[in-house]
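A.B. asks: So here's entry28.cif, just mmCIF, C-alpha atoms:
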data_coords
#
loop_
_atom_site.group_PDB
_atom_site.id
_atom_site.type_symbol
_atom_site.label_atom_id
_atom_site.label_comp_id
_atom_site.auth_asym_id
_atom_site.auth_seq_id
_atom_site.Cartn_x
_atom_site.Cartn_y
_atom_site.Cartn_z
ATOM 1 C CA MET A 1 18.681 24.311 7.404
ATOM 2 C CA ARG A 2 18.048 26.790 4.641
ATOM 3 C CA GLU A 3 21.685 26.613 3.550
ATOM 4 C CA SER A 4 20.942 23.050 2.441
ATOM 5 C CA LEU A 5 18.047 24.118 0.259
ATOM 6 C CA LEU A 6 18.284 24.777 -3.418
ATOM 7 C CA LEU A 7 16.084 27.757 -4.255
ATOM 8 C CA LEU A 8 15.088 28.141 -7.867
ATOM 9 C CA VAL A 9 12.901 31.114 -8.691
ATOM 10 C CA TYR A 10 10.782 30.992 -11.813
ATOM 11 C CA LEU A 11 8.394 33.658 -13.088
ATOM 12 C CA MET A 12 6.105 30.913 -14.311
ATOM 13 C CA ILE A 13 5.668 27.300 -13.280
ATOM 14 C CA SER A 14 6.085 25.106 -16.318
ATOM 15 C CA LEU A 15 4.055 21.924 -16.344
ATOM 16 C CA SER A 16 4.975 18.897 -18.431
ATOM 17 C CA ILE A 17 2.302 16.484 -19.598
ATOM 18 C CA GLN A 18 3.372 12.960 -20.393
ATOM 19 C CA ALA A 19 2.011 11.500 -23.592
ATOM 20 C CA GLN A 20 -0.579 8.806 -23.092
ATOM 21 C CA THR A 21 0.038 5.414 -24.650
ATOM 22 C CA LYS A 22 -2.649 2.867 -25.447
ATOM 23 C CA PRO A 23 -2.288 -0.080 -23.039
ATOM 24 C CA LYS A 24 -0.438 -3.017 -24.547
ATOM 25 C CA LYS A 25 -0.879 -6.538 -23.253
ATOM 26 C CA ILE A 26 2.305 -8.291 -22.232
ATOM 27 C CA LYS A 27 2.514 -12.033 -22.801
ATOM 28 C CA SER A 28 4.401 -14.062 -20.206
ATOM 29 C CA LYS A 29 4.201 -17.737 -19.219
ATOM 30 C CA SER A 30 6.501 -17.405 -16.220
ATOM 31 C CA ASP A 31 7.311 -14.865 -13.528
ATOM 32 C CA TYR A 32 7.073 -11.351 -14.916
ATOM 33 C CA VAL A 33 9.866 -9.054 -13.724
ATOM 34 C CA HIS A 34 9.515 -5.292 -13.867
ATOM 35 C CA SER A 35 12.887 -4.380 -15.337
ATOM 36 C CA GLU A 36 13.366 -0.991 -13.647
ATOM 37 C CA THR A 37 12.591 -2.103 -10.089
ATOM 38 C CA GLY A 38 13.170 -5.845 -10.140
ATOM 39 C CA PHE A 39 9.708 -6.508 -8.710
ATOM 40 C CA SER A 40 8.604 -10.006 -9.714
ATOM 41 C CA PHE A 41 4.996 -11.010 -10.371
ATOM 42 C CA PRO A 42 4.601 -14.821 -10.411
ATOM 43 C CA LEU A 43 1.847 -16.830 -12.059
ATOM 44 C CA THR A 44 0.129 -17.451 -8.727
ATOM 45 C CA ILE A 45 0.114 -15.831 -5.296
ATOM 46 C CA ASN A 46 -1.724 -17.869 -2.670
ATOM 47 C CA GLN A 47 -5.224 -18.477 -4.123
ATOM 48 C CA LEU A 48 -4.853 -15.807 -6.797
ATOM 49 C CA ASN A 49 -3.896 -16.463 -10.419
ATOM 50 C CA ARG A 50 -2.251 -13.906 -12.650
ATOM 51 C CA SER A 51 -4.648 -13.096 -15.482
ATOM 52 C CA GLU A 52 -3.322 -10.006 -17.271
ATOM 53 C CA ILE A 53 -0.245 -7.842 -17.605
ATOM 54 C CA TYR A 54 -0.457 -4.475 -19.321
ATOM 55 C CA ALA A 55 2.146 -1.850 -20.162
ATOM 56 C CA PHE A 56 1.027 1.752 -20.411
ATOM 57 C CA ASP A 57 4.216 3.103 -21.961
ATOM 58 C CA LYS A 58 6.736 1.918 -24.528
ATOM 59 C CA LYS A 59 9.526 1.410 -21.981
ATOM 60 C CA ARG A 60 7.245 -0.772 -19.842
ATOM 61 C CA ASP A 61 8.010 1.311 -16.769
ATOM 62 C CA ASN A 62 4.283 1.857 -16.238
ATOM 63 C CA VAL A 63 2.643 -1.531 -15.776
ATOM 64 C CA GLY A 64 -0.486 -3.098 -14.337
ATOM 65 C CA ILE A 65 -0.764 -6.718 -13.212
ATOM 66 C CA THR A 66 -4.094 -8.362 -12.373
ATOM 67 C CA TYR A 67 -4.727 -11.453 -10.247
ATOM 68 C CA LYS A 68 -8.044 -13.271 -9.794
ATOM 69 C CA THR A 69 -9.385 -16.144 -7.746
ATOM 70 C CA ASN A 70 -10.516 -19.321 -9.496
ATOM 71 C CA ASP A 71 -14.168 -18.331 -9.186
ATOM 72 C CA LEU A 72 -13.327 -14.871 -10.621
ATOM 73 C CA LYS A 73 -15.160 -13.208 -7.728
ATOM 74 C CA THR A 74 -12.119 -11.491 -6.215
ATOM 75 C CA THR A 75 -9.697 -9.381 -8.237
ATOM 76 C CA ILE A 76 -6.560 -7.477 -7.288
ATOM 77 C CA SER A 77 -4.721 -5.184 -9.698
ATOM 78 C CA ILE A 78 -1.281 -3.828 -8.899
ATOM 79 C CA TYR A 79 -0.011 -0.778 -10.750
ATOM 80 C CA LEU A 80 3.640 0.250 -10.624
ATOM 81 C CA TYR A 81 4.623 3.411 -12.472
ATOM 82 C CA PRO A 82 6.953 6.451 -12.377
ATOM 83 C CA ALA A 83 5.805 9.172 -9.989
ATOM 84 C CA GLY A 84 7.419 12.065 -11.859
ATOM 85 C CA ALA A 85 8.758 15.186 -10.177
ATOM 86 C CA GLY A 86 8.685 15.077 -6.376
ATOM 87 C CA THR A 87 6.231 17.952 -5.959
ATOM 88 C CA GLU A 88 4.420 18.546 -2.696
ATOM 89 C CA ASP A 89 0.980 17.717 -4.120
ATOM 90 C CA ARG A 90 1.742 14.691 -6.280
ATOM 91 C CA LEU A 91 0.396 12.027 -3.885
ATOM 92 C CA ARG A 92 -2.882 13.876 -3.334
ATOM 93 C CA ASN A 93 -3.251 14.608 -7.041
ATOM 94 C CA GLU A 94 -2.537 11.003 -8.009
ATOM 95 C CA TYR A 95 -5.002 9.639 -5.477
ATOM 96 C CA ILE A 96 -7.761 12.029 -6.585
ATOM 97 C CA LYS A 97 -7.070 11.237 -10.245
ATOM 98 C CA SER A 98 -7.260 7.520 -9.492
ATOM 99 C CA MET A 99 -10.535 7.960 -7.609
ATOM 100 C CA GLN A 100 -11.936 9.908 -10.545
ATOM 101 C CA SER A 101 -11.054 7.016 -12.853
ATOM 102 C CA VAL A 102 -13.028 4.690 -10.586
ATOM 103 C CA ALA A 103 -15.978 7.083 -10.540
ATOM 104 C CA ASN A 104 -15.905 7.395 -14.340
ATOM 105 C CA ILE A 105 -16.727 3.709 -14.812
ATOM 106 C CA SER A 106 -19.473 3.672 -12.185
ATOM 107 C CA GLU A 107 -22.996 4.289 -13.405
ATOM 108 C CA ASN A 108 -24.266 5.635 -10.093
ATOM 109 C CA GLY A 109 -21.134 7.288 -8.761
ATOM 110 C CA ILE A 110 -19.263 5.989 -5.719
ATOM 111 C CA ASN A 111 -19.635 6.201 -1.980
ATOM 112 C CA ALA A 112 -16.246 5.894 -0.305
ATOM 113 C CA VAL A 113 -14.735 6.091 3.158
ATOM 114 C CA GLN A 114 -11.209 7.432 2.773
ATOM 115 C CA HIS A 115 -8.257 7.814 5.095
ATOM 116 C CA ALA A 116 -4.495 8.160 5.198
ATOM 117 C CA VAL A 117 -2.400 4.982 5.399
ATOM 118 C CA SER A 118 1.280 4.198 5.781
ATOM 119 C CA PHE A 119 3.661 1.282 5.339
ATOM 120 C CA LYS A 120 6.778 0.832 7.464
ATOM 121 C CA ARG A 121 9.745 -1.480 7.200
ATOM 122 C CA GLY A 122 12.928 -0.875 9.140
ATOM 123 C CA ASN A 123 13.431 2.874 9.387
ATOM 124 C CA TYR A 124 11.593 3.649 6.138
ATOM 125 C CA LYS A 125 8.008 4.855 5.996
ATOM 126 C CA LEU A 126 5.712 5.361 3.012
ATOM 127 C CA ASN A 127 2.625 7.534 3.024
ATOM 128 C CA GLY A 128 -0.465 6.655 1.060
ATOM 129 C CA PHE A 129 -4.164 7.328 0.834
ATOM 130 C CA LYS A 130 -6.933 4.769 0.661
ATOM 131 C CA ALA A 131 -10.637 4.536 -0.140
ATOM 132 C CA ASN A 132 -12.983 1.737 0.873
ATOM 133 C CA ILE A 133 -15.836 1.605 -1.608
ATOM 134 C CA LYS A 134 -19.115 -0.286 -1.236
ATOM 135 C CA THR A 135 -21.744 -0.881 -3.889
ATOM 136 C CA SER A 136 -24.811 -3.087 -3.972
ATOM 137 C CA ASP A 137 -22.932 -6.063 -5.402
ATOM 138 C CA LYS A 138 -19.329 -5.781 -4.222
ATOM 139 C CA GLU A 139 -16.764 -4.385 -1.828
ATOM 140 C CA SER A 140 -13.676 -2.705 -3.208
ATOM 141 C CA SER A 141 -10.726 -0.548 -2.260
ATOM 142 C CA LEU A 142 -8.213 1.750 -3.874
ATOM 143 C CA CYS A 143 -4.890 2.655 -2.328
ATOM 144 C CA VAL A 144 -2.039 4.784 -3.697
ATOM 145 C CA TYR A 145 1.434 4.852 -2.096
ATOM 146 C CA GLU A 146 4.216 7.356 -2.821
ATOM 147 C CA CYS A 147 7.508 5.451 -3.086
ATOM 148 C CA GLY A 148 10.318 7.814 -4.034
ATOM 149 C CA GLU A 149 10.464 7.819 -7.815
ATOM 150 C CA TRP A 150 7.518 5.411 -8.060
ATOM 151 C CA PHE A 151 3.821 5.153 -7.340
ATOM 152 C CA LEU A 152 2.338 1.863 -6.192
ATOM 153 C CA LYS A 153 -1.411 1.558 -6.605
ATOM 154 C CA ILE A 154 -3.487 -1.391 -5.407
ATOM 155 C CA ARG A 155 -7.061 -1.879 -6.606
ATOM 156 C CA LEU A 156 -9.101 -4.662 -4.996
ATOM 157 C CA SER A 157 -12.690 -5.779 -5.568
ATOM 158 C CA SER A 158 -14.713 -8.772 -4.419
ATOM 159 C CA GLU A 159 -18.238 -10.117 -4.623
ATOM 160 C CA VAL A 160 -17.714 -12.430 -1.642
ATOM 161 C CA LEU A 161 -15.318 -10.712 0.765
ATOM 162 C CA ASP A 162 -16.182 -7.936 3.173
ATOM 163 C CA SER A 163 -13.922 -4.966 3.855
ATOM 164 C CA THR A 164 -11.971 -6.954 6.464
ATOM 165 C CA GLY A 165 -11.195 -9.691 3.949
ATOM 166 C CA ILE A 166 -10.169 -7.163 1.314
ATOM 167 C CA ASN A 167 -7.891 -5.361 3.764
ATOM 168 C CA GLN A 168 -6.262 -8.679 4.681
ATOM 169 C CA ILE A 169 -5.407 -9.467 1.044
ATOM 170 C CA GLU A 170 -3.985 -5.989 0.579
ATOM 171 C CA LYS A 171 -1.875 -6.406 3.714
ATOM 172 C CA GLU A 172 -0.536 -9.734 2.420
ATOM 173 C CA PHE A 173 0.505 -8.138 -0.876
ATOM 174 C CA LEU A 174 2.231 -5.254 0.892
ATOM 175 C CA ASN A 175 4.118 -7.638 3.160
ATOM 176 C CA LEU A 176 5.097 -9.719 0.133
ATOM 177 C CA TYR A 177 6.390 -6.846 -2.002
ATOM 178 C CA LYS A 178 7.612 -4.516 0.763
ATOM 179 C CA PRO A 179 7.309 -1.286 -1.251
ATOM 180 C CA THR A 180 9.883 0.425 0.979
ATOM 181 C CA ARG A 181 12.353 -1.377 -1.302
ATOM 182 C CA LEU A 182 11.341 1.070 -4.023
ATOM 183 C CA VAL A 183 12.434 3.980 -1.860
ATOM 184 C CA LYS A 184 15.740 2.367 -0.911
ATOM 185 C CA GLN A 185 16.708 2.034 -4.567
ATOM 186 C CA SER A 186 15.192 5.299 -5.854
ATOM 187 C CA LYS A 187 14.884 7.709 -2.946
ATOM 188 C CA LEU A 188 14.381 11.417 -3.537
ATOM 189 C CA GLN A 189 17.196 13.829 -2.773
ATOM 190 C CA PRO A 190 17.031 15.672 0.595
ATOM 191 C CA LYS A 191 17.066 19.134 -0.997
ATOM 192 C CA ALA A 192 13.975 21.160 -1.728
ATOM 193 C CA SER A 193 13.456 23.393 -4.729
ATOM 194 C CA VAL A 194 10.895 26.194 -4.678
ATOM 195 C CA TYR A 195 9.306 27.350 -7.917
ATOM 196 C CA PHE A 196 7.438 30.657 -7.643
ATOM 197 C CA ALA A 197 4.539 31.460 -9.939
ATOM 198 C CA LYS A 198 4.028 34.777 -11.692
ATOM 199 C CA THR A 199 1.171 35.631 -9.328
ATOM 200 C CA ALA A 200 3.626 35.738 -6.407
ATOM 201 C CA PHE A 201 5.333 38.746 -7.993
ATOM 202 C CA VAL A 202 2.238 40.943 -8.173
ATOM 203 C CA ASP A 203 3.653 43.145 -5.388
ATOM 204 C CA SER A 204 6.263 43.069 -2.623
ATOM 205 C CA LEU A 205 3.817 42.128 0.112
ATOM 206 C CA MET A 206 2.570 39.099 -1.790
ATOM 207 C CA LEU A 207 6.096 37.972 -2.660
ATOM 208 C CA GLY A 208 7.244 38.297 0.937
ATOM 209 C CA SER A 209 4.183 36.436 2.184
ATOM 210 C CA ALA A 210 4.603 33.641 -0.362
ATOM 211 C CA MET A 211 8.316 33.242 0.386
ATOM 212 C CA GLY A 212 7.680 33.129 4.128
ATOM 213 C CA SER A 213 4.973 30.528 3.622
ATOM 214 C CA ALA A 214 7.155 28.348 1.397
ATOM 215 C CA TYR A 215 10.157 28.385 3.715
ATOM 216 C CA LYS A 216 7.986 27.713 6.741
ATOM 217 C CA LYS A 217 6.512 24.688 4.993
ATOM 218 C CA ILE A 218 9.979 23.340 4.241
ATOM 219 C CA ASP A 219 11.209 24.040 7.765
ATOM 220 C CA TRP A 220 8.194 22.215 9.229
ATOM 221 C CA ALA A 221 8.822 19.199 7.007
ATOM 222 C CA PHE A 222 12.475 18.946 8.003
ATOM 223 C CA GLU A 223 11.789 19.476 11.693
ATOM 224 C CA ASN A 224 8.778 17.155 12.053
ATOM 225 C CA VAL A 225 9.214 14.369 9.499
ATOM 226 C CA ASP A 226 12.033 11.836 9.562
ATOM 227 C CA SER A 227 14.467 11.919 6.650
ATOM 228 C CA LEU A 228 13.666 8.318 5.669
ATOM 229 C CA GLU A 229 10.005 9.242 5.384
ATOM 230 C CA ARG A 230 10.868 12.314 3.316
ATOM 231 C CA ALA A 231 12.884 10.053 1.005
ATOM 232 C CA SER A 232 9.589 8.745 -0.378
ATOM 233 C CA GLY A 233 8.157 12.206 -1.095
ATOM 234 C CA PHE A 234 7.543 15.676 0.258
ATOM 235 C CA PRO A 235 5.135 15.271 3.226
ATOM 236 C CA GLY A 236 2.478 17.526 1.730
ATOM 237 C CA LEU A 237 -0.476 15.628 3.210
ATOM 238 C CA TYR A 238 0.182 16.737 6.788
ATOM 239 C CA LEU A 239 -2.484 19.168 7.952
ATOM 240 C CA ASP A 240 -0.164 20.729 10.539
ATOM 241 C CA LEU A 241 2.317 21.597 7.791
ATOM 242 C CA HIS A 242 -0.310 23.689 5.985
ATOM 243 C CA ILE A 243 -1.537 25.308 9.193
ATOM 244 C CA SER A 244 1.993 26.441 10.018
ATOM 245 C CA SER A 245 2.598 27.638 6.461
ATOM 246 C CA LEU A 246 -0.610 29.685 6.145
ATOM 247 C CA LYS A 247 -0.105 31.361 9.496
ATOM 248 C CA GLU A 248 3.351 32.361 8.328
ATOM 249 C CA PHE A 249 1.794 33.681 5.115
ATOM 250 C CA THR A 250 -0.100 36.281 7.146
ATOM 251 C CA ALA A 251 2.792 36.976 9.535
ATOM 252 C CA PHE A 252 4.821 38.869 6.912
ATOM 253 C CA GLN A 253 2.168 41.564 6.619
ATOM 254 C CA LYS A 254 2.142 42.029 10.396
ATOM 255 C CA LYS A 255 5.900 42.472 10.385
ATOM 256 C CA HIS A 256 5.675 44.969 7.489
ATOM 257 C CA PRO A 257 2.330 46.786 8.005
ATOM 258 C CA ASN A 258 3.243 49.758 5.821
ATOM 259 C CA MET A 259 4.433 47.807 2.788
ATOM 260 C CA SER A 260 2.608 48.803 -0.396
ATOM 261 C CA ALA A 261 0.322 46.212 -1.943
ATOM 262 C CA THR A 262 -2.377 45.830 -4.537
ATOM 263 C CA THR A 263 -6.024 45.685 -3.556
ATOM 264 C CA GLN A 264 -6.056 42.029 -4.568
ATOM 265 C CA THR A 265 -3.262 41.177 -2.123
ATOM 266 C CA LYS A 266 -4.894 43.111 0.721
ATOM 267 C CA GLU A 267 -8.200 41.332 0.167
ATOM 268 C CA TYR A 268 -6.506 37.926 0.029
ATOM 269 C CA LEU A 269 -4.696 38.510 3.316
ATOM 270 C CA ALA A 270 -7.771 39.995 4.985
ATOM 271 C CA GLU A 271 -9.828 36.956 4.062
ATOM 272 C CA LEU A 272 -7.150 34.530 5.246
ATOM 273 C CA ASN A 273 -6.779 36.417 8.527
ATOM 274 C CA SER A 274 -10.555 36.302 8.999
ATOM 275 C CA ILE A 275 -10.565 32.499 8.604
ATOM 276 C CA ILE A 276 -7.722 32.174 11.115
ATOM 277 C CA ASP A 277 -9.280 34.580 13.622
ATOM 278 C CA LYS A 278 -12.612 32.719 13.527
ATOM 279 C CA GLY A 279 -10.814 29.447 14.295
ATOM 280 C CA PHE A 280 -11.723 27.698 11.055
ATOM 281 C CA LEU A 281 -8.281 27.312 9.471
ATOM 282 C CA GLU A 282 -8.242 23.508 9.861
ATOM 283 C CA GLU A 283 -11.712 23.124 8.346
ATOM 284 C CA PHE A 284 -10.824 25.484 5.500
ATOM 285 C CA ILE A 285 -7.677 23.550 4.584
ATOM 286 C CA MET A 286 -9.462 20.206 4.759
ATOM 287 C CA GLU A 287 -12.218 21.414 2.458
ATOM 288 C CA GLN A 288 -9.815 22.992 -0.009
ATOM 289 C CA PHE A 289 -7.841 19.762 -0.336
ATOM 290 C CA ASP A 290 -10.841 17.413 -0.573
ATOM 291 C CA MET A 291 -10.225 15.960 2.913
ATOM 292 C CA VAL A 292 -7.149 14.158 1.535
ATOM 293 C CA MET A 293 -4.925 14.998 4.495
ATOM 294 C CA ILE A 294 -3.036 13.399 7.376
ATOM 295 C CA VAL A 295 -4.721 14.835 10.466
ATOM 296 C CA PRO A 296 -3.803 14.631 14.161
ATOM 297 C CA LYS A 297 -5.689 11.835 15.933
ATOM 298 C CA ASP A 298 -7.143 14.180 18.554
ATOM 299 C CA LEU A 299 -8.401 16.800 16.085
ATOM 300 C CA GLU A 300 -12.125 17.524 16.127
ATOM 301 C CA LEU A 301 -13.356 19.420 13.094
ATOM 302 C CA ASP A 302 -16.371 21.717 13.213
ATOM 303 C CA LEU A 303 -17.404 21.403 9.585
ATOM 304 C CA GLU A 304 -21.004 22.282 10.349
ATOM 305 C CA GLY A 305 -19.971 25.508 12.069
ATOM 306 C CA PHE A 306 -17.532 26.304 9.279
ATOM 307 C CA ASN A 307 -20.174 25.834 6.584
ATOM 308 C CA LYS A 308 -22.600 28.048 8.479
ATOM 309 C CA TRP A 309 -19.960 30.773 8.870
ATOM 310 C CA LYS A 310 -18.910 30.373 5.230
ATOM 311 C CA ASN A 311 -22.482 30.888 4.023
ATOM 312 C CA GLU A 312 -22.468 34.275 5.720
ATOM 313 C CA ASN A 313 -18.864 35.027 4.721
ATOM 314 C CA PRO A 314 -18.236 33.714 1.181
ATOM 315 C CA ILE A 315 -14.622 32.676 0.577
ATOM 316 C CA LYS A 316 -12.801 33.583 -2.612
ATOM 317 C CA ILE A 317 -9.416 32.080 -1.721
ATOM 318 C CA ASN A 318 -8.494 28.912 -3.603
ATOM 319 C CA LEU A 319 -5.473 27.162 -2.092
ATOM 320 C CA ASN A 320 -5.113 25.040 -5.218
ATOM 321 C CA LYS A 321 -4.107 28.162 -7.138
ATOM 322 C CA ARG A 322 -0.519 28.141 -5.989
ATOM 323 C CA PHE A 323 1.922 30.975 -5.524
ATOM 324 C CA TYR A 324 4.723 28.415 -5.438
ATOM 325 C CA ILE A 325 5.443 24.701 -5.759
ATOM 326 C CA ILE A 326 7.913 22.852 -3.569
ATOM 327 C CA SER A 327 9.642 19.793 -4.985
ATOM 328 C CA PHE A 328 12.175 17.226 -3.842
ATOM 329 C CA GLU A 329 14.625 16.416 -6.600
ATOM 330 C CA ASN A 330 14.652 12.992 -8.291
#
Translate the structure described by the file into structure tokens.
C.D. replies:
Amino acid sequence: MRESLLLLVYLMISLSIQAQTKPKKIKSKSDYVHSETGFSFPLTINQLNRSEIYAFDKKRDNVGITYKTNDLKTTISIYLYPAGAGTEDRLRNEYIKSMQSVANISENGINAVQHAVSFKRGNYKLNGFKANIKTSDKESSLCVYECGEWFLKIRLSSEVLDSTGINQIEKEFLNLYKPTRLVKQSKLQPKASVYFAKTAFVDSLMLGSAMGSAYKKIDWAFENVDSLERASGFPGLYLDLHISSLKEFTAFQKKHPNMSATTQTKEYLAELNSIIDKGFLEEFIMEQFDMVMIVPKDLELDLEGFNKWKNENPIKINLNKRFYIISFEN
């Protein structure tokens, strides 16, 4: 397996930030076709009328299309845009960023029930994450799917439909557009690159632990997730993947107990081992990643017990401060 992996070691992880472009309205009196994907957005879909088309970049790769009912009480907006590098955290990060945008325009904040979702057609499977949001005057939802080189985001709101009605409209749109087509035409390459941060090189014990963790994560993905699911993105939302990886992180020290290390590394490993030994690894991971995870159906979390233990044993570890980033190539 590892012979098929492309390992790139960097002393620092370089992050690129795409320039933001002011949205530009696109005028169209007929079907609007997204040039890069061929997705077509007609003037009407069932009882919904197309009201607006916006481009968020000069190439018009990043677009948003809005449909509304005649009474203007139900709105669906579809956003199709490049997903960027195929990093392990991009779906979670994009979903959280999208939820923050929703919260920013709400005067009283939002109360959402969120969960993992998927879309399957043929042998292809897309992973996504969804929030159902309820306010005093409307029901709404937000869903983000990872589709190879693209993100598909669906935002629905209604003053007259309940959550069941909203979910039905979303299902109809997914069945109409079949976003697995995006993966078929722009799937990610089946090789994984690992980029190590400077902090991984603080000492030999930390580097060995980080490398073991990274390779274990990749091995788990290849052994437990079908290749046509991985074509849409690295399966970084799976809780079991992170459990396996973090246990491997601590295993290197046990195999090399006399390896020299800084005090910082020893404290990090001691704290992680303490979480594992107390049986709170699942709860810890879920909390660290804002509950945006794909969890086993039979898993029962003891968040109350974890919070009580954590109050008596403060945790310094932050899993979002990465020692490495795994990425599937575009």
A.B. asks: I need the output of the PyMOL selection byres ((chain A and resi 247) around 10) for this file as JSON, numbers by chain; which residues are they?
C.D. replies: {"A": [209, 212, 213, 216, 242, 243, 244, 245, 246, 248, 249, 250, 251, 252, 272, 273, 276, 281]}
A.B. asks: Determine, counting all atoms listed in the file, which protein, DNA and RNA residues have an atom within 10 Å of an atom of region 23-37 of chain A; residues of the same chain fewer than 3 positions away are not included. Present the result as a list in words.
C.D. replies: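 Residues near the query, excluding close chain neighbours: Gln20, Ser40, Phe41, Pro42, Leu43, Thr44, Arg50, Glu52, Ile53, Tyr54, Ala55, Phe56, Asp57, Lys58, Lys59, Arg60, Asp61, Asn62, Val63, Gly64, Ile65, Leu80, Tyr81, Pro82, Trp150, Arg181, Leu182, Gln185 and Ser186 of chain A.
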A.B. asks: Would you translate the PyMOL selection byres ((chain A and resi 145) around 9) into the concrete set of residues it matches in this file, as an mmCIF file with C-alpha atoms, in the frame of the given file?
C.D. replies:
data_model
loop_
_atom_site.group_PDB
_atom_site.id
_atom_site.type_symbol
_atom_site.label_atom_id
_atom_site.label_comp_id
_atom_site.auth_asym_id
_atom_site.auth_seq_id
_atom_site.Cartn_x
_atom_site.Cartn_y
_atom_site.Cartn_z
ATOM 1 C CA LEU A 91 0.396 12.027 -3.885
ATOM 2 C CA TYR A 95 -5.002 9.639 -5.477
ATOM 3 C CA VAL A 117 -2.400 4.982 5.399
ATOM 4 C CA SER A 118 1.280 4.198 5.781
ATOM 5 C CA PHE A 119 3.661 1.282 5.339
ATOM 6 C CA LEU A 126 5.712 5.361 3.012
ATOM 7 C CA ASN A 127 2.625 7.534 3.024
ATOM 8 C CA GLY A 128 -0.465 6.655 1.060
ATOM 9 C CA PHE A 129 -4.164 7.328 0.834
ATOM 10 C CA LYS A 130 -6.933 4.769 0.661
ATOM 11 C CA CYS A 143 -4.890 2.655 -2.328
ATOM 12 C CA VAL A 144 -2.039 4.784 -3.697
ATOM 13 C CA GLU A 146 4.216 7.356 -2.821
ATOM 14 C CA CYS A 147 7.508 5.451 -3.086
ATOM 15 C CA TRP A 150 7.518 5.411 -8.060
ATOM 16 C CA PHE A 151 3.821 5.153 -7.340
ATOM 17 C CA LEU A 152 2.338 1.863 -6.192
ATOM 18 C CA LYS A 153 -1.411 1.558 -6.605
ATOM 19 C CA ILE A 154 -3.487 -1.391 -5.407
ATOM 20 C CA PRO A 179 7.309 -1.286 -1.251
#
A.B. asks: So which residues get picked by the PyMOL selection byres ((chain A and resi 156-164) around 8) here, written as a list in words?
C.D. replies: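 The output of the PyMOL selection byres ((chain A and resi 156-164) around 8) on this file is Lys73, Thr74, Thr75, Ile76, Ser77, Asn132, Asp137, Lys138, Glu139, Ser140, Ser141, Leu142, Ile154, Arg155, Gly165, Ile166, Asn167, Gln168 and Glu170 of chain A.
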A.B. asks: Would you work out the distance separating CA of Thr265 (chain A) from CA of Leu319 (chain A), expressed in Å to one decimal?
C.D. replies: 14.2 Å
A.B. asks: Would you compute the distance between CA of Gln114 (chain A) and CA of Lys187 (chain A)? Give it in Å to one decimal.
C.D. replies: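 So the answer is 26.7 Å.
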A.B. asks: What does the distance between CA of Glu282 (chain A) and CA of Asn318 (chain A) come to in Å, to one decimal place?
C.D. replies: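 Going from CA of Glu282 (chain A) over to CA of Asn318 (chain A), I get 14.5 Å.
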A.B. asks: Show me as a PyMOL selection string the residues that reach within 12 Å of (-12.5, 26.2, 1.0), counting only C-alpha atoms and using the file's own coordinates.
C.D. replies: chain A and resi 271-272+275+280-291+303+306-307+309-311+313-321
